[in-house]
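Source file: run_12.csv; contents: CSV, C-alpha atoms.
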chain,number,residue,atom,x,y,z
A,198,MET,CA,-43.2,-17.3,77.5
A,199,SER,CA,-42.8,-17.9,73.8
A,200,GLU,CA,-39.7,-17.7,71.7
A,201,THR,CA,-38.9,-14.0,71.2
A,202,THR,CA,-38.6,-12.6,67.7
A,203,ILE,CA,-35.8,-10.1,67.4
A,204,VAL,CA,-35.1,-8.1,64.3
A,205,GLU,CA,-32.3,-5.6,64.5
A,206,GLY,CA,-32.8,-4.8,68.1
A,207,ALA,CA,-36.6,-4.9,68.4
A,208,GLU,CA,-38.1,-7.7,70.4
A,209,LEU,CA,-41.7,-9.1,70.2
A,210,TRP,CA,-43.1,-11.9,72.2
A,211,LEU,CA,-46.2,-13.8,73.4
A,212,ASP,CA,-46.9,-15.1,76.8
A,213,ARG,CA,-47.2,-18.8,75.8
A,214,GLY,CA,-44.5,-21.1,74.6
A,215,SER,CA,-47.0,-23.2,72.7
A,216,ARG,CA,-48.2,-20.0,70.9
A,217,ARG,CA,-51.7,-21.6,70.9
A,218,TYR,CA,-54.8,-19.7,72.0
A,219,ALA,CA,-58.4,-20.6,72.0
A,220,SER,CA,-61.1,-18.4,70.5
A,221,GLY,CA,-62.3,-15.8,73.0
A,222,GLU,CA,-59.2,-16.0,75.1
A,223,ILE,CA,-57.0,-13.1,76.1
A,224,LEU,CA,-53.8,-12.9,74.2
A,225,ARG,CA,-51.0,-11.2,76.1
A,226,GLY,CA,-47.5,-10.3,74.9
A,227,GLY,CA,-45.1,-7.5,74.8
A,228,TYR,CA,-42.4,-5.7,72.8
A,229,ARG,CA,-39.2,-3.7,73.3
A,230,LEU,CA,-38.0,-1.3,70.7
A,231,GLY,CA,-34.3,-1.7,71.7
A,232,GLU,CA,-32.0,-0.4,69.0
A,233,TRP,CA,-34.8,0.9,66.9
A,234,ARG,CA,-34.8,3.9,69.2
A,235,GLU,CA,-31.3,4.8,67.9
A,236,LYS,CA,-32.4,5.0,64.3
A,237,GLU,CA,-34.7,8.0,64.2
A,238,LEU,CA,-37.8,6.1,64.8
A,239,VAL,CA,-40.9,8.1,64.0
A,240,ALA,CA,-43.7,5.8,65.0
A,241,VAL,CA,-44.6,2.2,65.7
A,242,GLU,CA,-47.7,0.2,64.8
A,243,LEU,CA,-48.7,-2.9,66.7
A,244,SER,CA,-51.3,-5.1,65.1
A,245,VAL,CA,-52.9,-8.4,65.9
A,246,LEU,CA,-54.1,-9.7,62.6
A,247,TRP,CA,-54.9,-12.7,60.4
A,248,TYR,CA,-53.9,-13.1,56.8
A,249,THR,CA,-54.0,-15.8,54.2
A,250,ALA,CA,-50.9,-17.1,52.5
A,251,GLY,CA,-50.3,-19.5,49.7
A,252,GLN,CA,-51.0,-19.4,46.1
A,253,GLY,CA,-53.0,-16.6,44.4
A,254,GLU,CA,-55.2,-14.0,45.9
A,255,GLU,CA,-54.6,-13.0,49.5
A,256,ASP,CA,-56.8,-11.6,52.2
A,257,PHE,CA,-56.2,-10.1,55.7
A,258,PHE,CA,-58.0,-8.5,58.6
A,259,VAL,CA,-56.6,-6.4,61.5
A,260,HIS,CA,-58.2,-7.5,64.7
A,261,HIS,CA,-56.4,-5.1,67.1
A,262,PHE,CA,-54.3,-2.0,66.2
A,263,GLU,CA,-52.5,0.6,68.0
A,264,ARG,CA,-50.1,3.3,66.7
A,265,ASN,CA,-47.7,5.2,68.9
A,266,LYS,CA,-45.8,8.2,67.8
A,267,GLU,CA,-42.2,8.9,68.7
A,268,ALA,CA,-42.9,11.3,71.5
A,269,THR,CA,-44.9,8.7,73.3
A,270,LEU,CA,-42.4,5.9,73.0
A,271,PRO,CA,-40.1,4.9,75.9
A,272,VAL,CA,-36.4,5.8,75.8
A,273,GLN,CA,-34.1,2.9,75.2
A,274,VAL,CA,-32.3,2.9,78.5
A,275,ASP,CA,-34.0,0.4,80.8
A,276,GLU,CA,-36.9,0.3,78.4
A,277,THR,CA,-40.0,-1.0,80.1
A,278,PRO,CA,-41.6,-3.5,77.8
A,279,HIS,CA,-44.8,-2.3,76.1
A,280,GLU,CA,-47.6,-4.7,77.0
A,281,ILE,CA,-50.0,-6.2,74.5
A,282,LYS,CA,-53.4,-7.4,75.5
A,283,THR,CA,-56.5,-8.2,73.4
A,284,ILE,CA,-59.4,-10.6,73.4
A,285,LEU,CA,-59.2,-12.9,70.5
A,286,PRO,CA,-62.3,-13.5,68.3
A,287,VAL,CA,-64.2,-16.7,67.8
A,288,SER,CA,-63.0,-17.0,64.2
A,289,PRO,CA,-61.4,-17.5,61.7
A,290,LEU,CA,-59.3,-20.3,63.1
A,291,SER,CA,-55.8,-21.0,62.1
A,292,TYR,CA,-55.5,-23.3,59.2
A,293,ASP,CA,-52.4,-24.9,57.5
A,294,GLY,CA,-53.6,-26.1,54.1
A,295,GLN,CA,-51.6,-27.0,51.1
A,296,ILE,CA,-53.2,-24.3,48.9
A,297,VAL,CA,-53.9,-21.7,51.5
A,298,LYS,CA,-53.0,-21.0,55.1
A,299,LEU,CA,-54.8,-18.8,57.5
A,300,CYS,CA,-52.2,-17.3,59.7
A,301,TRP,CA,-52.6,-15.3,62.9
A,302,ALA,CA,-49.8,-13.1,64.1
A,303,ILE,CA,-48.8,-10.1,66.1
A,304,ARG,CA,-46.9,-7.6,64.0
A,305,LEU,CA,-44.8,-4.7,65.0
A,306,ARG,CA,-43.9,-2.2,62.3
A,307,GLY,CA,-41.4,0.6,62.8
A,308,PHE,CA,-41.5,3.8,60.7
A,309,PHE,CA,-38.2,5.6,60.4
A,310,ALA,CA,-37.3,9.2,59.4
A,311,SER,CA,-35.5,7.9,56.3
A,312,GLY,CA,-38.8,6.5,55.1
A,313,ARG,CA,-37.8,2.9,55.7
A,314,GLN,CA,-39.9,0.5,57.6
A,315,ARG,CA,-39.0,-2.5,59.7
A,316,VAL,CA,-41.3,-5.4,60.6
A,317,VAL,CA,-41.2,-8.0,63.3
A,318,GLU,CA,-43.8,-10.7,63.3
A,319,THR,CA,-44.6,-13.5,65.7
A,320,PRO,CA,-47.2,-16.0,64.5
A,321,PHE,CA,-49.6,-17.9,66.8
A,322,SER,CA,-52.4,-20.4,66.4
A,323,LEU,CA,-56.1,-19.6,67.1
A,324,THR,CA,-57.9,-22.9,67.8
A,325,ALA,CA,-61.4,-23.8,68.7
A,326,GLU,CA,-60.4,-25.1,72.1
A,327,LEU,CA,-57.2,-25.7,73.9
A,328,ASP,CA,-55.9,-29.1,74.7
A,329,ALA,CA,-55.3,-29.9,78.3
A,330,LEU,CA,-51.6,-30.2,77.6
A,331,SER,CA,-51.2,-26.7,76.3
A,332,THR,CA,-49.3,-24.2,78.4
A,333,PRO,CA,-51.5,-22.1,80.6
A,334,ALA,CA,-51.5,-18.3,80.2
A,335,GLY,CA,-49.0,-16.5,82.2
A,336,SER,CA,-48.2,-12.9,83.0
A,337,VAL,CA,-46.3,-10.8,80.5
A,338,GLU,CA,-42.7,-10.8,81.2
A,339,ALA,CA,-39.8,-9.4,79.3
A,340,PRO,CA,-37.3,-11.9,78.1
A,341,ALA,CA,-34.1,-12.0,80.1
B,95,MET,CA,-44.6,-33.8,76.6
B,96,MET,CA,-46.5,-33.3,73.5
B,97,SER,CA,-44.8,-31.0,70.9
B,98,TRP,CA,-47.2,-28.7,68.9
B,99,SER,CA,-46.7,-27.9,65.3
B,100,ALA,CA,-45.6,-24.3,64.6
B,101,PRO,CA,-48.4,-21.9,63.9
B,102,PRO,CA,-49.2,-21.5,60.2
B,103,SER,CA,-47.1,-18.7,58.8
B,104,ARG,CA,-46.2,-17.2,55.4
B,105,ASP,CA,-42.6,-17.9,56.4
B,106,SER,CA,-43.2,-21.6,56.0
B,107,ASN,CA,-43.0,-21.5,52.2
B,108,PRO,CA,-40.5,-19.2,50.4
B,109,PHE,CA,-42.5,-19.6,47.2
B,110,ALA,CA,-45.8,-18.3,48.5
B,111,THR,CA,-47.4,-15.5,46.5
B,112,CYS,CA,-46.6,-12.9,49.1
B,113,TRP,CA,-42.9,-13.4,48.4
B,114,THR,CA,-43.1,-13.9,44.6
B,115,ARG,CA,-45.7,-11.5,43.4
B,116,PRO,CA,-44.6,-8.5,41.3
B,117,GLY,CA,-43.3,-5.9,43.7
B,118,ALA,CA,-42.2,-8.4,46.3
B,119,LEU,CA,-39.4,-9.6,44.0
B,120,PRO,CA,-37.2,-7.0,42.3
B,121,PHE,CA,-36.8,-6.7,38.6
B,122,ILE,CA,-33.6,-8.4,37.6
B,123,ALA,CA,-31.7,-6.9,34.6
B,124,THR,CA,-31.1,-10.0,32.5
B,125,THR,CA,-28.9,-10.9,29.6
B,126,THR,CA,-31.2,-8.8,27.5
B,127,GLY,CA,-29.7,-5.8,29.2
B,128,ILE,CA,-33.1,-4.2,30.0
B,129,GLU,CA,-33.0,-2.1,33.1
B,130,PRO,CA,-35.8,0.2,34.5
B,131,SER,CA,-33.7,3.3,33.8
B,132,ILE,CA,-33.3,2.3,30.1
B,133,VAL,CA,-37.1,1.6,29.9
B,134,VAL,CA,-38.0,5.0,31.2
B,135,GLU,CA,-35.5,6.7,28.8
B,136,ARG,CA,-37.1,4.8,25.9
B,137,LEU,CA,-40.6,5.7,27.1
B,138,ALA,CA,-39.6,9.4,27.2
B,139,ARG,CA,-38.3,9.2,23.7
B,140,VAL,CA,-41.5,7.8,22.3
B,141,GLY,CA,-43.8,10.3,23.9
B,142,TRP,CA,-44.6,8.4,27.1
B,143,ARG,CA,-46.7,5.8,25.3
B,144,GLY,CA,-45.3,2.3,25.0
B,145,GLN,CA,-45.8,-1.4,25.4
B,146,VAL,CA,-43.7,-3.9,27.3
B,147,VAL,CA,-43.7,-7.3,25.6
B,148,GLY,CA,-43.0,-10.7,26.9
B,149,PRO,CA,-44.6,-14.2,27.5
B,150,HIS,CA,-46.3,-15.2,30.7
B,151,GLY,CA,-44.2,-14.8,33.8
B,152,SER,CA,-41.4,-13.0,32.1
B,153,GLY,CA,-41.4,-10.1,34.5
B,154,LYS,CA,-43.6,-7.5,32.7
B,155,SER,CA,-45.5,-6.5,35.8
B,156,THR,CA,-42.4,-6.6,38.0
B,157,LEU,CA,-40.6,-4.3,35.6
B,158,LEU,CA,-43.5,-1.9,35.4
B,159,ARG,CA,-43.8,-1.7,39.1
B,160,SER,CA,-40.1,-0.9,39.4
B,161,LEU,CA,-40.5,2.2,37.3
B,162,ALA,CA,-42.5,4.2,39.9
B,163,ASP,CA,-39.5,5.8,41.6
B,164,LEU,CA,-37.8,6.7,38.3
B,165,LEU,CA,-41.0,8.2,37.0
B,166,ARG,CA,-41.4,10.2,40.2
B,167,GLU,CA,-38.0,11.7,39.6
B,168,ARG,CA,-39.2,13.0,36.3
B,169,GLY,CA,-42.3,14.5,37.9
B,170,LEU,CA,-44.7,11.7,36.8
B,171,CYS,CA,-47.0,9.7,39.0
B,172,ALA,CA,-47.6,6.1,37.9
B,173,ARG,CA,-51.0,4.5,38.4
B,174,VAL,CA,-51.2,0.8,38.0
B,175,VAL,CA,-54.5,-0.5,36.6
B,176,ASP,CA,-55.7,-4.0,35.9
B,177,ALA,CA,-57.1,-3.8,32.5
B,178,THR,CA,-59.1,-7.0,33.1
B,179,ALA,CA,-60.8,-5.8,36.2
B,180,PRO,CA,-64.6,-6.3,35.9
B,181,SER,CA,-66.7,-3.1,35.8
B,182,ASP,CA,-70.2,-2.0,35.5
B,183,HIS,CA,-69.4,-0.3,32.2
B,184,ASP,CA,-66.4,-0.6,30.0
B,185,PHE,CA,-63.8,1.7,31.6
B,186,ALA,CA,-65.1,2.8,34.9
B,187,PRO,CA,-62.4,1.5,37.3
B,188,ALA,CA,-59.5,2.5,35.1
B,189,ASP,CA,-60.8,5.6,33.6
B,190,PRO,CA,-57.8,7.6,32.4
B,191,ASP,CA,-57.9,11.1,33.8
B,192,PRO,CA,-57.1,13.7,31.2
B,193,ALA,CA,-57.1,16.4,33.9
B,194,ASP,CA,-54.0,14.8,35.4
B,195,PRO,CA,-51.1,16.1,33.4
B,196,GLN,CA,-48.5,14.3,35.5
B,197,GLY,CA,-50.2,10.9,35.4
B,198,LEU,CA,-49.0,7.8,33.7
B,199,LEU,CA,-51.3,4.8,33.4
B,200,ILE,CA,-49.7,1.4,33.7
B,201,LEU,CA,-52.2,-1.1,32.1
B,202,GLU,CA,-51.5,-4.6,33.4
B,203,GLY,CA,-53.2,-7.6,31.8
B,204,PHE,CA,-53.8,-5.8,28.5
B,205,GLU,CA,-52.8,-8.9,26.6
B,206,ARG,CA,-55.6,-10.9,28.3
B,207,LEU,CA,-58.3,-8.7,26.8
B,208,ALA,CA,-60.3,-9.7,23.8
B,209,LEU,CA,-59.3,-8.1,20.5
B,210,GLY,CA,-62.3,-5.8,20.4
B,211,ARG,CA,-61.7,-4.5,23.9
B,212,ARG,CA,-58.0,-3.9,23.2
B,213,ALA,CA,-59.0,-1.7,20.3
B,214,ALA,CA,-61.5,0.1,22.3
B,215,TRP,CA,-59.0,0.8,25.1
B,216,LEU,CA,-56.5,2.1,22.6
B,217,ARG,CA,-59.0,4.4,21.0
B,218,ARG,CA,-60.0,5.7,24.4
B,219,LEU,CA,-56.4,6.2,25.6
B,220,HIS,CA,-55.4,8.1,22.4
B,221,ALA,CA,-58.6,10.3,22.6
B,222,SER,CA,-57.8,11.2,26.3
B,223,LYS,CA,-54.2,12.1,25.5
B,224,VAL,CA,-53.1,10.2,28.6
B,225,ARG,CA,-49.6,8.8,29.0
B,226,PHE,CA,-49.6,5.0,29.2
B,227,VAL,CA,-47.7,1.8,29.1
B,228,LEU,CA,-49.4,-1.5,28.5
B,229,THR,CA,-48.3,-5.2,28.6
B,230,SER,CA,-48.5,-7.6,25.7
B,231,HIS,CA,-47.4,-11.1,24.9
B,232,ARG,CA,-46.5,-10.2,21.3
B,233,VAL,CA,-45.7,-6.8,19.8
B,234,LEU,CA,-49.0,-5.1,19.1
B,235,ARG,CA,-49.4,-3.7,15.6
B,236,GLY,CA,-52.2,-1.6,14.1
B,237,TRP,CA,-54.9,0.2,16.1
B,238,ARG,CA,-52.4,2.9,16.7
B,239,ALA,CA,-50.4,0.6,19.0
B,240,PRO,CA,-47.7,2.3,21.0
B,241,ALA,CA,-44.0,1.6,20.5
B,242,ALA,CA,-42.4,-1.5,22.0
B,243,ILE,CA,-40.0,-0.2,24.7
B,244,ALA,CA,-38.9,-3.6,26.1
B,245,GLN,CA,-39.1,-7.2,25.2
B,246,LEU,CA,-38.6,-9.6,28.1
B,247,ALA,CA,-37.8,-13.3,28.5
B,248,ALA,CA,-37.0,-14.8,31.9
B,249,ASP,CA,-33.7,-16.6,31.4
B,250,GLU,CA,-32.0,-19.0,33.7
B,251,ALA,CA,-29.7,-16.3,35.2
B,252,THR,CA,-32.8,-14.5,36.4
B,253,LEU,CA,-34.2,-17.7,37.9
B,254,LYS,CA,-30.9,-18.4,39.7
B,255,THR,CA,-30.8,-14.9,41.2
B,256,LEU,CA,-34.4,-14.9,42.3
B,257,PHE,CA,-34.3,-18.4,43.7
B,258,ALA,CA,-31.2,-17.6,45.8
B,259,ARG,CA,-33.0,-14.5,47.1
B,260,LEU,CA,-36.1,-16.5,48.0
B,261,VAL,CA,-34.4,-19.3,49.9
B,262,GLU,CA,-31.9,-17.1,51.6
B,263,GLU,CA,-34.2,-16.1,54.5
B,264,ARG,CA,-36.6,-19.0,54.2
B,265,PRO,CA,-34.7,-22.3,53.5
B,266,SER,CA,-36.3,-24.9,51.3
B,267,PRO,CA,-35.5,-28.6,50.6
B,268,VAL,CA,-36.1,-27.7,46.9
B,269,THR,CA,-32.8,-27.3,45.1
B,270,LEU,CA,-31.8,-25.0,42.4
B,271,GLU,CA,-31.3,-28.0,40.1
B,272,VAL,CA,-35.0,-28.9,40.6
B,273,ALA,CA,-35.9,-25.3,40.0
B,274,ARG,CA,-34.0,-25.3,36.7
B,275,ARG,CA,-35.8,-28.4,35.5
B,276,VAL,CA,-39.2,-26.8,36.4
B,277,HIS,CA,-38.1,-23.6,34.6
B,278,CYS,CA,-37.4,-25.7,31.5
B,279,LEU,CA,-40.7,-27.5,31.7
B,280,GLN,CA,-42.6,-24.3,32.2
B,281,ARG,CA,-40.7,-22.7,29.2
B,282,GLY,CA,-39.4,-19.8,31.2
B,283,ASN,CA,-42.7,-18.8,32.8
B,284,LEU,CA,-41.5,-17.7,36.2
B,285,ARG,CA,-44.9,-17.3,37.7
B,286,ALA,CA,-45.7,-21.0,36.9
B,287,VAL,CA,-42.3,-22.0,38.2
B,288,TRP,CA,-43.0,-20.4,41.6
B,289,PHE,CA,-46.4,-22.1,41.7
B,290,ASP,CA,-44.7,-25.5,41.1
B,291,LEU,CA,-42.0,-24.9,43.6
B,292,TYR,CA,-44.5,-23.8,46.2
B,293,ASN,CA,-46.3,-27.2,45.7
B,294,LEU,CA,-43.1,-29.1,45.8
B,295,HIS,CA,-42.0,-27.4,49.0
B,296,GLU,CA,-45.3,-28.2,50.6
B,297,THR,CA,-45.0,-31.8,49.6
B,298,LEU,CA,-41.6,-32.0,51.1
B,299,THR,CA,-42.3,-30.2,54.4
B,300,ARG,CA,-46.0,-30.7,55.2
B,301,THR,CA,-45.6,-34.1,56.9
B,302,GLU,CA,-43.1,-32.8,59.3
B,303,ARG,CA,-45.1,-29.6,59.9
B,304,THR,CA,-48.5,-31.1,60.4
B,305,ALA,CA,-47.6,-34.5,61.9
B,306,PRO,CA,-48.3,-33.3,65.5
B,307,VAL,CA,-51.8,-32.1,64.4
B,308,ALA,CA,-52.6,-35.4,62.7
B,309,ALA,CA,-51.4,-37.3,65.8
B,310,SER,CA,-53.6,-35.1,68.0
B,311,TYR,CA,-56.6,-35.6,65.7
B,312,ALA,CA,-56.0,-39.4,65.8
B,313,LEU,CA,-55.9,-39.4,69.6
B,314,SER,CA,-59.0,-37.4,70.0
B,315,THR,CA,-60.9,-39.6,67.5
B,316,ALA,CA,-59.8,-42.7,69.3
B,317,ALA,CA,-60.8,-41.3,72.6
B,318,GLY,CA,-64.2,-40.2,71.2
Before anything else, please render the file you have as structure tokens.
Amino acid sequence: MSETTIVEGAELWLDRGSRRYASGEILRGGYRLGEWREKELVAVELSVLWYTAGQGEEDFFVHHFERNKEATLPVQVDETPHEIKTILPVSPLSYDGQIVKLCWAIRLRGFFASGRQRVVETPFSLTAELDALSTPAGSVEAPA
Amino acid sequence: MMSWSAPPSRDSNPFATCWTRPGALPFIATTTGIEPSIVVERLARVGWRGQVVGPHGSGKSTLLRSLADLLRERGLCARVVDATAPSDHDFAPADPDPADPQGLLILEGFERLALGRRAAWLRRLHASKVRFVLTSHRVLRGWRAPAAIAQLAADEATLKTLFARLVEERPSPVTLEVARRVHCLQRGNLRAVWFDLYNLHETLTRTERTAPVAASYALSTAAG
């Protein structure tokens, strides 16, 4: 399981410690809303996307998207992790250049009644093929 | 066990455009004493037509984007338009809408237009009776130019505040002292300063970040 990203109570994770996936593979992960549920959460959006970062113009594309309204969200007590599962595309592959980077990430955005938003993001790499040493895919488990 | 480099992420460089563009960084009231509320007050006094003046990277766009909430409180809806955006005919993408009595057009990049186009824009704006604010490097005169409501210059205090904010969540080996020197070399152009610091941060961190990838590539090449 990958390192879990926690922002003010919400948790977001991937199923691989290496956070490396080959094109066409299934990406699995999960999230828990935790303390977000205590702050008048209206809805959450989960997206698997790529974006460019660096200098100048930026671009992005959302590969997988789901929006859940408050009524459909789990209560905080003994919250069962929400599972994420999507088949990754063939391209574009992750790239870490000096001028521009192509970044893949899963992103969880929370919308609150106050109008504020909170974002948790976990980056991962999309590669042409996985090295034999990379961690194999595992089942989605919530962090302890 | 082989350790893999971290996935590419915007968090790897605190000076990337996503963190430094207008809107991502707040407008900092500097020693000039210019604050968004004062700018809106001045704009109201001159009939909602004005110009914000300042050199490259002095915070014109950042200031204008920070006005939206204050304008909304006065019942006005700001619309940001890039005056330099290409179009099929002169004003298509940024056509001021005279039918919108609550609109206020924020014209970014006005200073980058050729003289003839600036004059044409002003004629058109006055004819449409639309409220507007435009940006300029120097105080525009003639052509029924609107009143100057703010003159900006990014000073070192602004740099210090923004630098601290940028590296607070995403640490960098680049120091404030280096940033000050770059600021001096770039003559206060903050946009250029962020570009230089971005490159410097990459130079100082890339080897560590990409070494595992380079090693992996060398291994696969040797094996092949």
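Compared by their closest atoms to Ala123 of chain B, and using all atoms listed in the file, the residues B:Gln245, B:Gln196, B:Thr111, B:Ser230 rank with B:Gln245 nearest.
A straight line drawn from atom CA of Ala162 of chain B to atom CA of Leu284 of chain B is 22.2 Å long.
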At most 7 Å to chain B: residues in chain A, all atoms listed in the file, as a list in words = Ser215, Ala250, Gly251, Gln252, Gly253, Ser291, Tyr292, Asp293, Gln295, Lys298, Leu299, Cys300, Pro320, Phe321 and Ser322 of chain A
Include C-alpha atoms and write out the residues we just selected as a PDB file, in the coordinates of the input.
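To be explicit, this is the file written out as part.pdb:
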ATOM      1  CA  SER A 215     -47.000 -23.200  72.700  1.00  0.00           C
ATOM      2  CA  ALA A 250     -50.900 -17.100  52.500  1.00  0.00           C
ATOM      3  CA  GLY A 251     -50.300 -19.500  49.700  1.00  0.00           C
ATOM      4  CA  GLN A 252     -51.000 -19.400  46.100  1.00  0.00           C
ATOM      5  CA  GLY A 253     -53.000 -16.600  44.400  1.00  0.00           C
ATOM      6  CA  SER A 291     -55.800 -21.000  62.100  1.00  0.00           C
ATOM      7  CA  TYR A 292     -55.500 -23.300  59.200  1.00  0.00           C
ATOM      8  CA  ASP A 293     -52.400 -24.900  57.500  1.00  0.00           C
ATOM      9  CA  GLN A 295     -51.600 -27.000  51.100  1.00  0.00           C
ATOM     10  CA  LYS A 298     -53.000 -21.000  55.100  1.00  0.00           C
ATOM     11  CA  LEU A 299     -54.800 -18.800  57.500  1.00  0.00           C
ATOM     12  CA  CYS A 300     -52.200 -17.300  59.700  1.00  0.00           C
ATOM     13  CA  PRO A 320     -47.200 -16.000  64.500  1.00  0.00           C
ATOM     14  CA  PHE A 321     -49.600 -17.900  66.800  1.00  0.00           C
ATOM     15  CA  SER A 322     -52.400 -20.400  66.400  1.00  0.00           C
TER      16      SER A 322
END
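For the atom pair formed by atom CA of Ser266 of chain B and atom CA of Cys278 of chain B, the distance is 19.8 Å, given to one decimal.
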Using all atoms listed in the file, collect all residues at a distance of at most 9 Å from (-37.6, 5.8, 64.7) as written in the file, then present them as a compact mmCIF listing (two decimals) with C-alpha atoms, keeping the file's coordinate frame.
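That gives us part26.txt:
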# COMPACT_ATOMS: atom_id res chain seq x y z
CA TRP A 233 -34.80 0.90 66.90
CA ARG A 234 -34.80 3.90 69.20
CA GLU A 235 -31.30 4.80 67.90
CA LYS A 236 -32.40 5.00 64.30
CA GLU A 237 -34.70 8.00 64.20
CA LEU A 238 -37.80 6.10 64.80
CA VAL A 239 -40.90 8.10 64.00
CA ALA A 240 -43.70 5.80 65.00
CA VAL A 241 -44.60 2.20 65.70
CA GLU A 267 -42.20 8.90 68.70
CA GLY A 307 -41.40 0.60 62.80
CA PHE A 308 -41.50 3.80 60.70
CA PHE A 309 -38.20 5.60 60.40
CA ALA A 310 -37.30 9.20 59.40
CA SER A 311 -35.50 7.90 56.30
key: Residue neighbourhood Leu230 of chain A, 7 Å, only C-alpha atoms, exclusion window fewer than 2 positions, as a count of residues only   = 7
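Taking all atoms listed in the file into account, the polymer residues that have an atom no farther than 8 Å from (-53.3, -5.8, 58.4) are Ser244, Val245, Leu246, Trp247, Tyr248, Phe257, Phe258 and Val259 of chain A.
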query = Distance atom CA of Thr283 of chain A-atom CA of Gly231 of chain A, one decimal place?
reply = 23.2 Å
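Summary of the local environment: counting all atoms listed in the file, residues at most 6 Å from segment 148-152 of chain B, other than itself and those fewer than 6 positions away along its chain, are B:His231, B:Gln245, B:Leu246, B:Ala247, B:Ala248, B:Asn283, B:Leu284, B:Arg285.
The shell of residues at most 9 Å from Pro286 of chain A, with only C-alpha atoms counted and near chain neighbours (fewer than 6 positions) removed, consists of A:Ala219, A:Ser220, A:Gly221, A:Glu222, A:His260, A:Leu323.
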Go ahead and write the selection's residues with C-alpha atoms as a tab-separated table (two decimals), in the coordinates of the input.
chain	number	residue	atom	x	y	z
A	219	ALA	CA	-58.40	-20.60	72.00
A	220	SER	CA	-61.10	-18.40	70.50
A	221	GLY	CA	-62.30	-15.80	73.00
A	222	GLU	CA	-59.20	-16.00	75.10
A	260	HIS	CA	-58.20	-7.50	64.70
A	323	LEU	CA	-56.10	-19.60	67.10
Taking all atoms of segment 209-216 of chain B that the file lists and extending 8 Å past them on each side, where is the centre of the axis-aligned box and how long are its edges? Answer in Å to one decimal, as JSON.
{"center_x": -59.4, "center_y": -3.0, "center_z": 22.7, "size_x": 21.8, "size_y": 26.2, "size_z": 20.8}
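Among the candidate residues A:Pro289, A:Gly226, A:Gly214, A:Gly294, the one lying nearest to Thr324 of chain A is A:Pro289, with distances computed using only C-alpha atoms.
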message = Measuring between only C-alpha atoms, which one of A:Arg304, A:Glu254, A:Ile281, A:Glu263 shows the shortest distance to Leu224 of chain A?
response = A:Ile281
Leu207 of chain B surroundings by only C-alpha atoms, 12 Å radius, close-in-sequence under 2 positions cut, as a VMD selection string = chain B and resid 176 to 180 184 201 to 205 209 to 216 228 to 231
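Ranking B:Gly197, B:Gly141, B:Pro267, B:Gly117 by their shortest atom-to-atom distance to Pro240 of chain B, with only C-alpha atoms included, puts B:Gly141 first.
Counting only C-alpha atoms and comparing A:Leu243, A:Val317, A:Leu209, A:Ile303, the residue that lies closest to Leu285 of chain A is A:Ile303.
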